[in-house]
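*Asks:* One file is attached below, final_11.cif, containing mmCIF, C-alpha atoms and all ligand atoms.
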```cif
data_final
#
loop_
_atom_site.group_PDB
_atom_site.id
_atom_site.type_symbol
_atom_site.label_atom_id
_atom_site.label_comp_id
_atom_site.auth_asym_id
_atom_site.auth_seq_id
_atom_site.Cartn_x
_atom_site.Cartn_y
_atom_site.Cartn_z
ATOM 1 C CA MET H 1 0.000 0.000 0.000
ATOM 2 C CA SER H 2 1.380 3.445 -0.933
ATOM 3 C CA VAL H 3 2.190 5.615 2.055
ATOM 4 C CA GLU H 4 2.076 8.894 0.108
ATOM 5 C CA THR H 5 -0.411 11.468 1.400
ATOM 6 C CA THR H 6 -1.114 14.987 0.211
ATOM 7 C CA ALA H 7 -1.105 18.419 1.801
ATOM 8 C CA VAL H 8 -4.916 18.356 1.565
ATOM 9 C CA ASP H 9 -4.910 15.290 3.830
ATOM 10 C CA TRP H 10 -2.695 17.056 6.373
ATOM 11 C CA ARG H 11 -5.456 18.968 8.129
ATOM 12 C CA ARG H 12 -7.648 15.888 8.347
ATOM 13 C CA ASP H 13 -4.983 13.286 9.155
ATOM 14 C CA GLY H 14 -2.409 15.311 11.075
ATOM 15 C CA TYR H 15 0.485 13.727 9.237
ATOM 16 C CA LEU H 16 1.902 13.593 5.749
ATOM 17 C CA VAL H 17 4.339 11.406 3.846
ATOM 18 C CA ARG H 18 6.163 13.022 0.934
ATOM 19 C CA GLN H 19 7.570 10.203 -1.141
ATOM 20 C CA GLY H 20 11.040 10.559 -2.667
ATOM 21 C CA LEU H 21 11.637 14.080 -1.344
ATOM 22 C CA LEU H 22 15.277 13.121 -0.840
ATOM 23 C CA GLN H 23 17.409 10.874 -3.041
ATOM 24 C CA GLU H 24 18.175 7.326 -1.965
ATOM 25 C CA SER H 25 21.897 8.114 -2.295
ATOM 26 C CA GLU H 26 21.477 11.050 0.117
ATOM 27 C CA ILE H 27 19.873 8.727 2.654
ATOM 28 C CA ALA H 28 22.806 6.322 2.370
ATOM 29 C CA GLU H 29 25.174 9.245 3.033
ATOM 30 C CA LEU H 30 23.092 10.490 5.982
ATOM 31 C CA ARG H 31 23.161 6.987 7.423
ATOM 32 C CA ARG H 32 26.937 6.861 7.165
ATOM 33 C CA ARG H 33 27.200 10.257 8.859
ATOM 34 C CA ALA H 34 24.759 9.277 11.618
ATOM 35 C CA LEU H 35 26.842 6.201 12.425
ATOM 36 C CA ASP H 36 30.054 8.283 12.397
ATOM 37 C CA LEU H 37 28.483 10.810 14.749
ATOM 38 C CA ALA H 38 27.222 8.139 17.141
ATOM 39 C CA ARG H 39 30.625 6.417 17.206
ATOM 40 C CA ARG H 40 32.332 9.732 17.900
ATOM 41 C CA PHE H 41 30.501 9.825 21.243
ATOM 42 C CA HIS H 42 29.946 6.171 22.100
ATOM 43 C CA GLY H 43 32.493 4.018 20.252
ATOM 44 C CA ASP H 44 30.892 0.794 19.054
ATOM 45 C CA ASP H 45 28.190 0.761 21.714
ATOM 46 C CA ILE H 46 25.729 3.043 19.954
ATOM 47 C CA ILE H 47 22.287 1.518 20.421
ATOM 48 C CA ASN H 48 19.961 3.503 22.711
ATOM 49 C CA LYS H 49 22.700 6.009 23.510
ATOM 50 C CA PRO H 50 21.653 9.674 23.223
ATOM 51 C CA ILE H 51 23.729 11.622 20.716
ATOM 52 C CA PRO H 52 24.180 14.975 22.444
ATOM 53 C CA VAL H 53 24.072 17.365 19.500
ATOM 54 C CA ASP H 54 21.350 19.316 17.782
ATOM 55 C CA LEU H 55 21.596 19.044 14.041
ATOM 56 C CA LEU H 56 21.931 22.704 13.129
ATOM 57 C CA SER H 57 24.967 22.983 15.402
ATOM 58 C CA GLU H 58 26.519 19.884 13.831
ATOM 59 C CA PRO H 59 28.305 20.622 10.508
ATOM 60 C CA MET H 60 27.572 17.142 9.088
ATOM 61 C CA PHE H 61 23.806 17.680 9.403
ATOM 62 C CA ARG H 62 23.479 21.473 9.119
ATOM 63 C CA PRO H 63 22.744 21.389 5.376
ATOM 64 C CA LEU H 64 19.826 19.043 6.026
ATOM 65 C CA ILE H 65 18.184 21.459 8.481
ATOM 66 C CA LEU H 66 18.581 24.288 5.977
ATOM 67 C CA ASP H 67 17.583 22.201 2.962
ATOM 68 C CA PRO H 68 14.944 24.021 0.894
ATOM 69 C CA ARG H 69 13.093 20.755 0.286
ATOM 70 C CA ILE H 70 12.658 20.162 4.021
ATOM 71 C CA LEU H 71 11.817 23.773 4.806
ATOM 72 C CA GLY H 72 9.542 23.959 1.756
ATOM 73 C CA LEU H 73 7.566 20.967 2.978
ATOM 74 C CA ALA H 74 7.167 22.500 6.440
ATOM 75 C CA ARG H 75 6.078 25.833 4.920
ATOM 76 C CA GLU H 76 3.482 24.088 2.822
ATOM 77 C CA LEU H 77 1.965 22.685 6.012
ATOM 78 C CA ILE H 78 2.267 25.411 8.651
ATOM 79 C CA GLY H 79 2.900 28.620 6.725
ATOM 80 C CA PRO H 80 5.773 30.794 5.550
ATOM 81 C CA ARG H 81 7.361 31.664 8.922
ATOM 82 C CA LEU H 82 9.358 28.787 10.354
ATOM 83 C CA VAL H 83 11.168 28.685 13.662
ATOM 84 C CA TYR H 84 13.899 26.290 14.745
ATOM 85 C CA CYS H 85 14.461 26.069 18.497
ATOM 86 C CA GLY H 86 17.232 23.469 18.686
ATOM 87 C CA ASP H 87 14.974 20.453 18.971
ATOM 88 C CA SER H 88 16.507 18.068 16.467
ATOM 89 C CA LYS H 89 18.484 14.876 16.851
ATOM 90 C CA ILE H 90 19.577 11.541 15.515
ATOM 91 C CA THR H 91 18.331 8.474 17.343
ATOM 92 C CA ILE H 92 19.632 4.921 17.010
ATOM 93 C CA MET H 93 17.251 2.953 19.145
ATOM 94 C CA ASN H 94 15.609 -0.394 19.539
ATOM 95 C CA ILE H 95 13.294 0.801 22.308
ATOM 96 C CA ARG H 96 9.625 0.546 21.376
ATOM 97 C CA GLY H 97 7.166 3.308 21.967
ATOM 98 C CA ARG H 98 3.545 3.416 23.020
ATOM 99 C CA PHE H 99 1.227 5.886 21.368
ATOM 100 C CA HIS H 100 1.780 9.338 22.786
ATOM 101 C CA LYS H 101 1.530 12.990 21.802
ATOM 102 C CA ASP H 102 4.456 15.354 22.080
ATOM 103 C CA SER H 103 2.444 18.532 22.430
ATOM 104 C CA SER H 104 1.531 18.208 26.094
ATOM 105 C CA PRO H 105 3.821 19.388 28.841
ATOM 106 C CA ALA H 106 5.386 16.759 31.032
ATOM 107 C CA GLY H 107 5.776 17.144 34.762
ATOM 108 C CA ILE H 108 4.004 16.402 37.991
ATOM 109 C CA TRP H 109 0.223 15.980 37.986
ATOM 110 C CA PRO H 110 -1.919 17.988 37.271
ATOM 111 C CA SER H 111 0.208 19.657 34.612
ATOM 112 C CA ALA H 112 1.720 16.365 33.574
ATOM 113 C CA ARG H 113 1.155 14.065 30.612
ATOM 114 C CA GLY H 114 -2.526 13.429 30.222
ATOM 115 C CA TYR H 115 -3.382 17.060 30.809
ATOM 116 C CA ASP H 116 -4.491 18.483 27.505
ATOM 117 C CA PRO H 117 -3.299 22.028 26.948
ATOM 118 C CA PHE H 118 -5.227 22.383 23.712
ATOM 119 C CA ASP H 119 -7.639 25.231 23.464
ATOM 120 C CA PRO H 120 -9.384 25.378 20.078
ATOM 121 C CA ARG H 121 -9.684 29.140 20.485
ATOM 122 C CA GLU H 122 -5.913 29.327 20.104
ATOM 123 C CA GLY H 123 -6.030 28.424 16.425
ATOM 124 C CA PRO H 124 -4.705 25.435 14.508
ATOM 125 C CA TYR H 125 -1.800 23.611 16.045
ATOM 126 C CA ASP H 126 1.241 24.591 14.020
ATOM 127 C CA VAL H 127 4.243 22.799 15.470
ATOM 128 C CA LEU H 128 5.393 19.783 13.517
ATOM 129 C CA ARG H 129 8.084 17.183 13.460
ATOM 130 C CA ILE H 130 9.913 16.136 10.342
ATOM 131 C CA MET H 131 11.041 12.501 10.410
ATOM 132 C CA ILE H 132 13.561 10.962 8.043
ATOM 133 C CA TYR H 133 14.218 7.248 8.376
ATOM 134 C CA LEU H 134 17.607 5.981 7.259
ATOM 135 C CA GLN H 135 16.564 2.439 6.363
ATOM 136 C CA ASP H 136 13.969 0.895 4.118
ATOM 137 C CA HIS H 137 10.791 0.379 6.118
ATOM 138 C CA ARG H 138 9.052 -1.230 3.181
ATOM 139 C CA GLN H 139 11.225 -4.241 3.967
ATOM 140 C CA LEU H 140 12.012 -3.687 7.623
ATOM 141 C CA ALA H 141 9.773 -3.281 10.653
ATOM 142 C CA GLY H 142 10.649 -0.624 13.244
ATOM 143 C CA ASN H 143 8.662 2.011 11.356
ATOM 144 C CA LEU H 144 6.696 4.879 12.873
ATOM 145 C CA ARG H 145 2.973 4.348 13.386
ATOM 146 C CA VAL H 146 0.418 7.070 13.817
ATOM 147 C CA ARG H 147 -3.229 7.304 14.766
ATOM 148 C CA ARG H 148 -4.788 9.016 11.791
ATOM 149 C CA GLY H 149 -6.683 12.182 12.739
ATOM 150 C CA SER H 150 -5.794 11.908 16.425
ATOM 151 C CA HIS H 151 -4.486 15.502 16.515
ATOM 152 C CA THR H 152 -8.075 16.703 16.925
ATOM 153 C CA GLY H 153 -8.650 14.533 19.989
ATOM 154 C CA PRO H 154 -7.656 15.127 23.593
ATOM 155 C CA VAL H 155 -4.721 13.581 25.371
ATOM 156 C CA VAL H 156 -6.278 10.833 27.420
ATOM 157 C CA HIS H 157 -5.421 7.721 29.359
ATOM 158 C CA TYR H 158 -8.070 5.262 30.515
ATOM 159 C CA VAL H 159 -6.915 5.532 34.103
ATOM 160 C CA THR H 160 -7.127 9.297 34.218
ATOM 161 C CA TRP H 161 -10.508 9.594 32.506
ATOM 162 C CA PRO H 162 -12.535 10.529 35.642
ATOM 163 C CA ARG H 163 -9.940 13.143 36.461
ATOM 164 C CA ASP H 164 -10.078 14.519 32.933
ATOM 165 C CA VAL H 165 -13.864 14.744 33.055
ATOM 166 C CA LEU H 166 -13.488 16.727 36.260
ATOM 167 C CA PHE H 167 -10.932 18.979 34.559
ATOM 168 C CA TRP H 168 -13.252 19.470 31.622
ATOM 169 C CA MET H 169 -16.181 20.340 33.923
ATOM 170 C CA SER H 170 -14.060 22.867 35.783
ATOM 171 C CA GLY H 171 -12.845 24.423 32.519
ATOM 172 C CA ARG H 172 -9.222 23.342 32.839
ATOM 173 C CA LEU H 173 -9.463 20.947 29.933
ATOM 174 C CA ARG H 174 -10.774 22.503 26.755
ATOM 175 C CA SER H 175 -11.554 19.347 24.837
ATOM 176 C CA PHE H 176 -13.879 16.732 26.243
ATOM 177 C CA PRO H 177 -11.884 13.629 27.242
ATOM 178 C CA GLY H 178 -12.466 10.604 25.064
ATOM 179 C CA LEU H 179 -11.004 7.239 24.351
ATOM 180 C CA PRO H 180 -7.958 7.032 22.054
ATOM 181 C CA ARG H 181 -9.153 7.321 18.510
ATOM 182 C CA GLY H 182 -7.880 7.293 14.955
ATOM 183 C CA LYS H 183 -7.033 4.320 12.785
ATOM 184 C CA ARG H 184 -3.547 2.981 13.452
ATOM 185 C CA ILE H 185 -1.331 3.305 10.375
ATOM 186 C CA ASN H 186 2.122 1.872 9.728
ATOM 187 C CA LEU H 187 4.264 4.391 7.863
ATOM 188 C CA ASN H 188 6.359 1.980 5.847
ATOM 189 C CA THR H 189 8.619 4.550 4.266
ATOM 190 C CA ALA H 190 11.166 4.007 1.516
ATOM 191 C CA PRO H 191 14.606 5.648 1.773
ATOM 192 C CA GLY H 192 14.048 9.256 0.678
ATOM 193 C CA ASP H 193 10.444 9.524 1.888
ATOM 194 C CA VAL H 194 9.973 12.273 4.437
ATOM 195 C CA VAL H 195 7.285 12.227 7.128
ATOM 196 C CA ALA H 196 5.821 15.298 8.802
ATOM 197 C CA PHE H 197 3.458 15.039 11.742
ATOM 198 C CA ASN H 198 1.550 17.538 13.820
ATOM 199 C CA LEU H 199 2.864 17.152 17.355
ATOM 200 C CA ARG H 200 -0.669 16.554 18.598
ATOM 201 C CA VAL H 201 -0.880 13.340 16.604
ATOM 202 C CA SER H 202 -0.607 10.170 18.673
ATOM 203 C CA HIS H 203 2.412 8.281 17.446
ATOM 204 C CA GLY H 204 4.482 5.334 18.532
ATOM 205 C CA ILE H 205 8.000 4.446 17.490
ATOM 206 C CA ASN H 206 9.610 1.250 16.315
ATOM 207 C CA ALA H 207 6.718 -1.006 15.380
ATOM 208 C CA VAL H 208 6.697 -4.782 15.513
ATOM 209 C CA ARG H 209 5.252 -5.969 12.198
ATOM 210 C CA LEU H 210 3.781 -9.268 11.198
ATOM 211 C CA ARG H 211 5.741 -11.175 8.582
ATOM 212 C CA GLY H 212 4.040 -10.782 5.197
ATOM 213 C CA LEU H 213 1.422 -8.339 6.578
ATOM 214 C CA PRO H 214 3.198 -4.961 6.555
ATOM 215 C CA ASP H 215 0.031 -2.865 6.710
ATOM 216 C CA VAL H 216 -1.390 -4.514 9.807
ATOM 217 C CA CYS H 217 -0.626 -2.016 12.548
ATOM 218 C CA LEU H 218 -0.666 -3.580 15.978
ATOM 219 C CA ASP H 219 -1.320 -1.739 19.168
ATOM 220 C CA PRO H 220 2.030 -1.386 20.974
ATOM 221 C CA LYS H 221 0.383 -2.932 24.047
ATOM 222 C CA VAL H 222 -0.088 -6.271 22.299
ATOM 223 C CA GLU H 223 2.907 -6.429 19.990
ATOM 224 C CA ARG H 224 5.218 -8.021 22.539
ATOM 225 C CA PHE H 225 3.057 -11.161 22.352
ATOM 226 C CA VAL H 226 3.940 -11.730 18.678
ATOM 227 C CA PRO H 227 6.209 -14.800 18.484
ATOM 228 C CA PRO H 228 9.653 -14.307 16.878
ATOM 229 C CA TRP H 229 8.829 -16.483 13.856
ATOM 230 C CA PHE H 230 5.875 -14.247 12.977
ATOM 231 C CA ARG H 231 7.841 -10.987 13.203
ATOM 232 C CA ALA H 232 9.089 -9.099 10.138
ATOM 233 C CA PRO H 233 12.859 -8.453 10.132
ATOM 234 C CA GLU H 234 14.278 -5.266 11.626
ATOM 235 C CA ALA H 235 17.371 -3.156 10.952
ATOM 236 C CA ALA H 236 20.426 -3.834 13.120
ATOM 237 C CA GLU H 237 20.540 -0.077 13.656
ATOM 238 C CA ARG H 238 17.210 1.716 13.367
ATOM 239 C CA ILE H 239 18.228 5.284 12.628
ATOM 240 C CA ALA H 240 15.843 8.222 12.641
ATOM 241 C CA VAL H 241 16.388 11.928 12.093
ATOM 242 C CA LEU H 242 13.992 14.185 14.035
ATOM 243 C CA ILE H 243 13.547 17.892 13.367
ATOM 244 C CA THR H 244 10.943 20.024 15.134
ATOM 245 C CA LEU H 245 9.805 23.210 13.394
ATOM 246 C CA GLY H 246 7.002 25.557 14.330
ATOM 247 C CA ALA H 247 5.290 28.739 13.294
ATOM 248 C CA PRO H 248 5.660 31.604 15.772
ATOM 249 C CA GLY H 249 2.755 31.652 18.213
ATOM 250 C CA VAL H 250 1.243 30.279 21.355
ATOM 251 C CA HIS H 251 1.716 26.597 20.493
ATOM 252 C CA LEU H 252 5.407 26.995 19.782
ATOM 253 C CA GLU H 253 5.875 29.026 22.995
ATOM 254 C CA ARG H 254 4.226 26.257 24.970
ATOM 255 C CA TYR H 255 6.306 23.615 23.254
ATOM 256 C CA ILE H 256 9.590 25.424 23.972
ATOM 257 C CA GLN H 257 8.494 25.915 27.573
ATOM 258 C CA SER H 258 7.708 22.216 27.934
ATOM 259 C CA ARG H 259 11.105 21.264 26.487
ATOM 260 C CA MET H 260 12.793 23.563 28.993
ATOM 261 C CA GLU H 261 10.969 21.871 31.851
ATOM 262 C CA ARG H 262 11.381 18.363 30.579
ATOM 263 C CA PHE H 263 14.953 18.419 29.332
ATOM 264 C CA SER H 264 16.502 20.782 31.810
ATOM 265 C CA SER H 265 19.688 18.721 31.963
ATOM 266 C CA ASN H 266 19.938 17.672 28.356
ATOM 267 C CA ARG H 267 23.460 17.711 26.914
ATOM 268 C CA ARG H 268 22.047 18.339 23.453
ATOM 269 C CA PHE H 269 20.846 21.775 24.531
ATOM 270 C CA GLN H 270 23.802 22.328 26.815
ATOM 271 C CA SER H 271 26.217 22.035 23.910
ATOM 272 C CA ALA H 272 24.099 23.684 21.182
ATOM 273 C CA ALA H 273 25.941 26.401 19.283
ATOM 274 C CA PHE H 274 23.487 27.443 16.591
ATOM 275 C CA ASP H 275 23.497 31.033 17.853
ATOM 276 C CA SER H 276 26.934 31.696 16.321
ATOM 277 C CA PRO H 277 27.052 34.586 13.801
ATOM 278 C CA GLU H 278 27.966 32.137 11.013
ATOM 279 C CA ILE H 279 24.970 29.868 11.607
ATOM 280 C CA ARG H 280 22.631 32.806 12.167
ATOM 281 C CA GLU H 281 23.583 34.104 8.755
ATOM 282 C CA LEU H 282 23.030 30.743 7.070
ATOM 283 C CA ALA H 283 19.641 30.434 8.755
ATOM 284 C CA GLU H 284 18.653 33.926 7.714
ATOM 285 C CA ARG H 285 19.532 33.117 4.117
ATOM 286 C CA ALA H 286 17.313 30.027 4.297
ATOM 287 C CA GLY H 287 14.503 32.087 5.832
ATOM 288 C CA LEU H 288 14.642 30.089 9.060
ATOM 289 C CA GLU H 289 14.031 31.978 12.298
ATOM 290 C CA LEU H 290 15.967 30.884 15.375
ATOM 291 C CA ARG H 291 14.873 30.677 18.992
ATOM 292 C CA THR H 292 17.827 30.234 21.271
ATOM 293 C CA ASP H 293 16.032 29.825 24.623
ATOM 294 C CA LEU H 294 17.029 26.187 24.895
ATOM 295 C CA ILE H 295 20.739 26.778 24.359
ATOM 296 C CA GLY H 296 22.732 26.161 27.473
ATOM 297 C CA GLN H 297 19.749 24.784 29.382
ATOM 298 C CA GLY H 298 20.632 22.546 32.286
ATOM 299 C CA ALA H 299 23.800 21.339 33.879
ATOM 300 C CA ALA H 300 26.723 20.012 31.864
ATOM 301 C CA THR H 301 27.022 16.264 32.427
HETATM 302 O O1 LIG H 401 11.671 7.580 16.207
HETATM 303 C C1 LIG H 401 10.543 7.783 15.775
HETATM 304 O O2 LIG H 401 10.038 7.083 14.898
HETATM 305 C C2 LIG H 401 9.696 8.947 16.296
HETATM 306 C C3 LIG H 401 10.227 9.520 17.555
HETATM 307 C C4 LIG H 401 9.353 10.592 18.120
HETATM 308 O O3 LIG H 401 9.020 11.536 17.473
HETATM 309 C C5 LIG H 401 8.872 10.474 19.485
HETATM 310 O O4 LIG H 401 8.906 9.393 20.055
HETATM 311 O O5 LIG H 401 8.372 11.451 20.026
#
```
Spell out the structure here as structure tokens.
Ligand SMILES: O=C(O)CCC(=O)C(=O)O
*Replies:*
Amino acid sequence: MSVETTAVDWRRDGYLVRQGLLQESEIAELRRRALDLARRFHGDDIINKPIPVDLLSEPMFRPLILDPRILGLARELIGPRLVYCGDSKITIMNIRGRFHKDSSPAGIWPSARGYDPFDPREGPYDVLRIMIYLQDHRQLAGNLRVRRGSHTGPVVHYVTWPRDVLFWMSGRLRSFPGLPRGKRINLNTAPGDVVAFNLRVSHGINAVRLRGLPDVCLDPKVERFVPPWFRAPEAAERIAVLITLGAPGVHLERYIQSRMERFSSNRRFQSAAFDSPEIRELAERAGLELRTDLIGQGAAT
């Protein structure tokens, strides 16, 4: 099944796959660079080890952040003004992820995960994440899965439902709590396909897939019960490139704030250097606005 979706689908689905936006040869080169970068920090033990650099600060990946194809795609979806705040990284992970949204602030209850900060009066949500996968997910499991259209629904967990109803009744939650919704979709991307998703979309990383049934998207809660013989093969190193971009406004402010709270001791932000005059100039030429609030956040570790 083709994974391609169109900009018209974006508002309805909350995600988009642009097939072949990058060349396959570029993906092979990015993969080589990602492995080099990971080894620079962690030697041969690179799986599940955070790589403490943001990609605009890192010369090997800077051109990707400023690439007109990437920025053009983001502009198509959230408008002409784009802001980069330092939230980008390479991950090489075999950890699996449950469905979650990245728009909500983390922290101690009641402002923690599960609290939905979305107020429809604040306009469409315009912070997105660009995802580039550096292996062929048509052949290999470990792909991203999304819940189609879930960006219009509240953040909710079964166990917190009574609490969320209370929040809704007292006006603290703007959208009525509901059960998770949206069809689960496997994004089985080819090298060169680029994914964009609204950060309010429920998504889960690193899917287990059934052998011979690549479009069957399992709930992460049940996938661990799939026996090894029924599992589709996976990459030895599942490499993903993540880039968050947003339009200036209340949603981006809230996102930056939540990153500051959540990652207050993150080495990636501690070592970021994308506020140098040289990088500022490059960004300006690409029409990319910079927010440097996250630079230097937290203690050096
Ligand atoms: O690695 C992936 O496929 C997506 C990671 C991500 O965006 C997340 O878990 O929030």
*Asks:* Against range 23-45 of chain H, which residues of range 60-105 of chain H fall within 9 Å? For each one I want the closest pair of atoms and the distance in Å (one decimal), counting all atoms listed in the file, rows by chain and increasing residue number, as JSON lines.
*Replies:*
```
{"residue": "H:Met60", "atom": "CA", "partner": "H:Arg33", "partner_atom": "CA", "distance": 6.9}
{"residue": "H:Phe61", "atom": "CA", "partner": "H:Leu30", "partner_atom": "CA", "distance": 8.0}
{"residue": "H:Ile90", "atom": "CA", "partner": "H:Ala34", "partner_atom": "CA", "distance": 6.9}
{"residue": "H:Thr91", "atom": "CA", "partner": "H:Ala34", "partner_atom": "CA", "distance": 8.6}
{"residue": "H:Ile92", "atom": "CA", "partner": "H:Ala38", "partner_atom": "CA", "distance": 8.2}
```
*Asks:* Please find the residues contacting ligand LIG 401 (chain H) at a distance of at most 8 Å between atoms, with all atoms listed in the file counted, and report them as a list in words.
*Replies:*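 The residues within 8 Å of ligand LIG 401 (chain H), counting all atoms listed in the file, are Thr91, Met93, Gly97, His100, Lys101, Asp102, Arg129, Met131, Tyr133, Gly142, Asn143, Leu144, Arg145, His203, Gly204, Ile205, Asn206, Ile239, Ala240, Val241 and Leu242 of chain H.
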*Asks:* Can you write out the residues you just picked, keeping C-alpha atoms, as a short mmCIF file (atom, residue, chain, number, x, y, z; two decimals), in the frame of the given file?
*Replies:*
```cif
data_model
loop_
_atom_site.label_atom_id
_atom_site.label_comp_id
_atom_site.auth_asym_id
_atom_site.auth_seq_id
_atom_site.Cartn_x
_atom_site.Cartn_y
_atom_site.Cartn_z
CA THR H 91 18.33 8.47 17.34
CA MET H 93 17.25 2.95 19.14
CA GLY H 97 7.17 3.31 21.97
CA HIS H 100 1.78 9.34 22.79
CA LYS H 101 1.53 12.99 21.80
CA ASP H 102 4.46 15.35 22.08
CA ARG H 129 8.08 17.18 13.46
CA MET H 131 11.04 12.50 10.41
CA TYR H 133 14.22 7.25 8.38
CA GLY H 142 10.65 -0.62 13.24
CA ASN H 143 8.66 2.01 11.36
CA LEU H 144 6.70 4.88 12.87
CA ARG H 145 2.97 4.35 13.39
CA HIS H 203 2.41 8.28 17.45
CA GLY H 204 4.48 5.33 18.53
CA ILE H 205 8.00 4.45 17.49
CA ASN H 206 9.61 1.25 16.32
CA ILE H 239 18.23 5.28 12.63
CA ALA H 240 15.84 8.22 12.64
CA VAL H 241 16.39 11.93 12.09
CA LEU H 242 13.99 14.18 14.04
#
```
*Asks:* Which value, in Å to one decimal, gives the distance between CA of Leu199 in chain H and CA of Ile130 in chain H?
*Replies:*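 Value for the CA of Leu199 in chain H-CA of Ile130 in chain H distance: 10.0 Å.
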*Asks:* Got a sec: who's within 12 Å of Pro63 in chain H, counting only C-alpha atoms, leaving out chain neighbours fewer than 5 positions off, as a PDB file with C-alpha atoms, in the coordinates of the input?
*Replies:*
```pdb
ATOM      1  CA  GLU H  26      21.477  11.050   0.117  1.00  0.00           C
ATOM      2  CA  LEU H  30      23.092  10.490   5.982  1.00  0.00           C
ATOM      3  CA  LEU H  55      21.596  19.044  14.041  1.00  0.00           C
ATOM      4  CA  LEU H  56      21.931  22.704  13.129  1.00  0.00           C
ATOM      5  CA  SER H  57      24.967  22.983  15.402  1.00  0.00           C
ATOM      6  CA  GLU H  58      26.519  19.884  13.831  1.00  0.00           C
ATOM      7  CA  PRO H  68      14.944  24.021   0.894  1.00  0.00           C
ATOM      8  CA  ARG H  69      13.093  20.755   0.286  1.00  0.00           C
ATOM      9  CA  ILE H  70      12.658  20.162   4.021  1.00  0.00           C
ATOM     10  CA  LEU H  71      11.817  23.773   4.806  1.00  0.00           C
ATOM     11  CA  ILE H 279      24.970  29.868  11.607  1.00  0.00           C
ATOM     12  CA  LEU H 282      23.030  30.743   7.070  1.00  0.00           C
ATOM     13  CA  ALA H 283      19.641  30.434   8.755  1.00  0.00           C
ATOM     14  CA  ALA H 286      17.313  30.027   4.297  1.00  0.00           C
TER      15      ALA H 286
END
```
*Asks:* Show me the residues around (0.6, 9.8, 9.0) - criterion: an atom at most 8 Å away, all atoms listed in the file counted - as a PyMOL selection string.
*Replies:* chain H and resi 5+13-17+145-148+185+187+195-197
*Asks:* Name the residues captured by the PyMOL selection byres (((chain H and resi 244) around 6) and not hetatm) when it is applied to the shown file; answer as a count of residues only.
*Replies:* 5
*Asks:* Any chance you could work out the residue set of the PyMOL selection byres (((chain H and resi 207) around 12) and not hetatm) here, as a VMD selection string?
*Replies:* chain H and resid 93 to 99 137 140 to 146 184 to 188 203 to 206 208 to 210 214 to 224 226 231 to 235 238
*Asks:* Could you please determine the separation between CA of Gln19 in chain H and CA of Arg75 in chain H in Å, to one decimal place?
*Replies:*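 We find that CA of Gln19 in chain H and CA of Arg75 in chain H lie 16.8 Å from each other.
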*Asks:* Can you tell me, as a PyMOL selection string, which residues sit within 7 Å of (-4.2, 13.9, 16.2) in the file's frame, using all atoms listed in the file?
*Replies:* chain H and resi 14+147-153+200-202
*Asks:* For the atom pair CA of Val127 in chain H and CA of His251 in chain H, what is the interatomic distance in Å to one decimal place?
*Replies:* 6.8 Å
*Asks:* Which one of H:Gly296, H:Pro248, H:Pro50, H:Gly182 sits closest to Arg81 in chain H if you count only C-alpha atoms?
*Replies:* H:Pro248
*Asks:* From the set H:Phe225, H:Tyr125, H:Phe176, H:Phe269, which residue has the shortest atom-to-atom contact distance to Pro52 in chain H, counting all atoms listed in the file?
*Replies:*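 Distance minimum relative to Pro52 in chain H lands on H:Phe269.
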*Asks:* Rank H:Val3, H:Leu64, H:Ile51, H:Gly123 by their smallest atom-to-atom distance to Asp193 in chain H, using all atoms listed in the file, and report the top residue only.
*Replies:*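 The closest residue to Asp193 in chain H is H:Val3.
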*Asks:* Reconstruct N, CA and C atoms of range 209-218 of chain H from the incomplete input and present them as an mmCIF file, keeping the file's coordinate frame.
*Replies:*
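Saved result, result.cif, follows:
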```cif
data_model
loop_
_atom_site.group_PDB
_atom_site.id
_atom_site.type_symbol
_atom_site.label_atom_id
_atom_site.label_comp_id
_atom_site.auth_asym_id
_atom_site.auth_seq_id
_atom_site.Cartn_x
_atom_site.Cartn_y
_atom_site.Cartn_z
ATOM 1 N N ARG H 209 6.169 -5.674 13.308
ATOM 2 C CA ARG H 209 5.252 -5.969 12.198
ATOM 3 C C ARG H 209 5.138 -7.461 11.993
ATOM 4 N N LEU H 210 3.996 -7.849 11.455
ATOM 5 C CA LEU H 210 3.781 -9.268 11.198
ATOM 6 C C LEU H 210 4.404 -9.611 9.854
ATOM 7 N N ARG H 211 5.100 -10.723 9.816
ATOM 8 C CA ARG H 211 5.741 -11.175 8.582
ATOM 9 C C ARG H 211 4.696 -11.311 7.467
ATOM 10 N N GLY H 212 4.950 -10.666 6.346
ATOM 11 C CA GLY H 212 4.040 -10.782 5.197
ATOM 12 C C GLY H 212 2.795 -9.904 5.301
ATOM 13 N N LEU H 213 2.617 -9.189 6.406
ATOM 14 C CA LEU H 213 1.422 -8.339 6.578
ATOM 15 C C LEU H 213 1.852 -6.920 7.017
ATOM 16 N N PRO H 214 2.578 -6.228 6.140
ATOM 17 C CA PRO H 214 3.198 -4.961 6.555
ATOM 18 C C PRO H 214 2.213 -3.856 6.921
ATOM 19 N N ASP H 215 0.977 -3.952 6.429
ATOM 20 C CA ASP H 215 0.031 -2.865 6.710
ATOM 21 C C ASP H 215 -0.813 -3.104 7.961
ATOM 22 N N VAL H 216 -0.654 -4.275 8.559
ATOM 23 C CA VAL H 216 -1.390 -4.514 9.807
ATOM 24 C C VAL H 216 -0.644 -3.803 10.926
ATOM 25 N N CYS H 217 -1.301 -2.818 11.506
ATOM 26 C CA CYS H 217 -0.626 -2.016 12.548
ATOM 27 C C CYS H 217 -1.153 -2.454 13.917
ATOM 28 N N LEU H 218 -0.269 -3.049 14.670
ATOM 29 C CA LEU H 218 -0.666 -3.580 15.978
ATOM 30 C C LEU H 218 -0.635 -2.471 17.022
#
```
